[in-house]
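Below is one structure, written out as structure tokens; the observations come after it.
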Protein chains: 4
Amino acid sequence: MRAIIAVIGGQNGTTDEALRLAREVGRLIAERGAYLICGGLEGVMDAACRGAKEAGGTTIGVVPSAAKQDANKYVDIPIVTDMGTARNVIIVRTADAIIAVDGRFGTLSEIAHALDQGKKVISLKSWPLEKMGLEGTNFVQALTPEEAVDLAFDYAEKGGA
Amino acid sequence: MRAIIAVIGGQNGTTDEALRLAREVGRLIAERGAYLICGGLEGVMDAACRGAKEAGGTTIGVVPSAAKQDANKYVDIPIVTDMGTARNVIIVRTADAIIAVDGRFGTLSEIAHALDQGKKVISLKSWPLEKMGLEGTNFVQALTPEEAVDLAFDYAEKGGA
Amino acid sequence: MRAIIAVIGGQNGTTDEALRLAREVGRLIAERGAYLICGGLEGVMDAACRGAKEAGGTTIGVVPSAAKQDANKYVDIPIVTDMGTARNVIIVRTADAIIAVDGRFGTLSEIAHALDQGKKVISLKSWPLEKMGLEGTNFVQALTPEEAVDLAFDYAEKGGA
Amino acid sequence: MRAIIAVIGGQNGTTDEALRLAREVGRLIAERGAYLICGGLEGVMDAACRGAKEAGGTTIGVVPSAAKQDANKYVDIPIVTDMGTARNVIIVRTADAIIAVDGRFGTLSEIAHALDQGKKVISLKSWPLEKMGLEGTNFVQALTPEEAVDLAFDYAEKGGA
């Protein structure tokens, strides 16, 4: 079964730098043959899906509303929940590994759900959780899109162990 | 965007006839280029996914548990919800049209959610809702897998109108 | 622990007769000391909560939106889900017994979820599911609010058996 | 309408100090006439409900499983979701203000959802989010149960503004 990698991150007020990183992460995920899953909206989600499509990948967007039209234009498969931010939990449960790029509190909720589920989260200019003292957890910082995607695939290929 | 057609139906105690119909429905959905979405488990869900895979299609299974391993072996993309039967709502919201094959109360809940959302449901040996007097609704009976899939695509291609 | 009895039924286009029945059902539930749970909106939900409050009861409204202000004015405890009609599942799971009054497809989805969960549903001028041939199930018709509430408490007091 | 105050915090491995604080917070919430809502399980949730019951309050437990029996023995109203940790979102959406005591990643997810929804979170020996640089947000630290409950009621009584 193909791996499913989540890219989580902010919708509004995202920096150009974050969008560039997200697009590159999306491209690398697709090149390595995994599905990309995200929240389906704009900002980091749109940039990551765009990158994946540019590399011929398949993208899944789990949208919070009742309308598949709310998915960004790079989403191949909109999963329509009408469950608001409870859909964050579905993104994380479905993913084999999670890459966070930038983001605000919605992203922080996804990181927390992932760690609560015992899954690995790779942060790329996202929340500095290590400042709160999280030694030995599944939360790691990556410096580049390449490193983030390498860490995500290493984890996913070992079955999330 | 490719259409997404749901196949809903029973997991346990499904007749051989229902499994044969579901497999044929799955095959026809894939041949016509749509994604197949279902609840991801056994019975009608497994048979429909099997048919779709035999025709080279892509299958999405929205599983109720927290484990993607609970998806049947013909599911390409397991969407992991850990939301029990609340996941029924997601299947129906995501689908552009819904085909019901056989099924018990879980299937009836999906039919009801679909009609509540104003979506078309095509029944193939599923619940006889017409006996309760549903003239003029989006609920229709089909006699064969071909007819069911034709009706589903007609509806989906018109944008669900 | 006090029993929790659900009253489910239509929001729009409800007849005066149905509103009268729902209000009486609500009153009787409160007089017998149970919590009343419902979807929190207008129509049958509002009438049932009104009846319960007139008898000094406590009402719980599980609203589909993100705003507790969407609860009708007879709701004491708004449970705010922002999960749309997926909240129907929560109403049914929380209830010890379910009374359906009138209603359309949303109500049918709740009846189906309840029967799928093995719970008793008492219908008072609601869906005629018996026409589809449901011998021996947990679905029963009541002729009066008194009979409906008696059946609900009999079932709830036996622990849902 | 009575205010609803959430107490969130850890289930397992909670310190005696945290349990003592949670119980006191629960007691104060009940004394001031609000409903207490929580996740319904053990640890901080159990201690907070216990404190509220000792002061004659009413407690709501939003349980993640399908069984109301999973609620701790101080829960008056178990809301049964069968939605796993997606129920965290419901707790936060329902609450007029949120008090976090101790806790691990599940609690962090609830804090993040609350801040994402624009709601105030008062931390009592919970996550030190201020270390990540959250100036000017709705996240504040309290030093005592009294201060935490005062801040929560101040916020709730102003309508969450």
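FYI, nothing fancy with the structure tokens labels: chains A, B, ... in order, residues from 1 per chain, ligands from 1 as they appear.
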Q.
Applying 12 Å and only C-alpha atoms, which residues near Asn12 (chain C) remain after dropping the ones on its own chain fewer than 5 positions away? List them as JSON, numbers by chain.
A. {"C": [18, 19, 41, 42, 43, 44, 45, 46, 102, 103, 104, 105, 106, 107]}
Margin query: Could you work out which residues of chain C fall inside 8 Å of chain A? Count only C-alpha atoms, and format the result as a list of chain:residue names.
Written below: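 Putting it all together, I get C:Asp82, C:Met83, C:Gly84, C:Ala86.
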*asked:* Using DSSP secondary structure from the backbone, list all strand (DSSP E) positions within region 19-118 of chain D, as a list in words.
replied: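 Of region 19-118 of chain D, the ones in strand (DSSP E) are Tyr35, Leu36, Ile37, Cys38, Thr59, Ile60, Gly61, Val62, Val63, Ile77, Pro78, Ile79, Val80, Ala97, Ile98, Ile99, Ala100 and Val101 of chain D.
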Worksheet item: Between D:Gly56, D:Pro145, D:Gly33, D:Pro128, which is the closest to Val7 (chain D) once you count only C-alpha atoms?
Response: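 The answer is D:Pro145, which sits nearest to Val7 (chain D).
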Picked from chain A by DSSP as helix (DSSP H, G or I), as number ranges by chain: A: 16-31, 44-54, 68-70, 84-94, 105-116, 129-132, 145-157
Which polymer residues have any atom within 10 Å of an atom of Ile8 (chain C), counting only C-alpha atoms, with same-chain residues fewer than 5 positions away left out, as an MDAnalysis selection string?
chainID C and resid 22 37:40 44:45 48 88 91:92 98:103 106:108 110:111 121 123 126
What's the 12 Å shell around Ile5 (chain B), counting only C-alpha atoms, without same-chain residues fewer than 2 positions away, as a VMD selection string?
-> (chain A and resid 77) or (chain B and resid 2 to 3 7 to 8 25 to 30 32 to 38 48 to 49 52 57 to 61 91 to 100 119 to 122 148 to 157 160)
Quiz item: For the atom pair CA of Met1 (chain C) and CA of Val75 (chain D), what is the interatomic distance in Å to one decimal place?
Solution: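 Rounded to one decimal, the two atoms are 8.9 Å apart.
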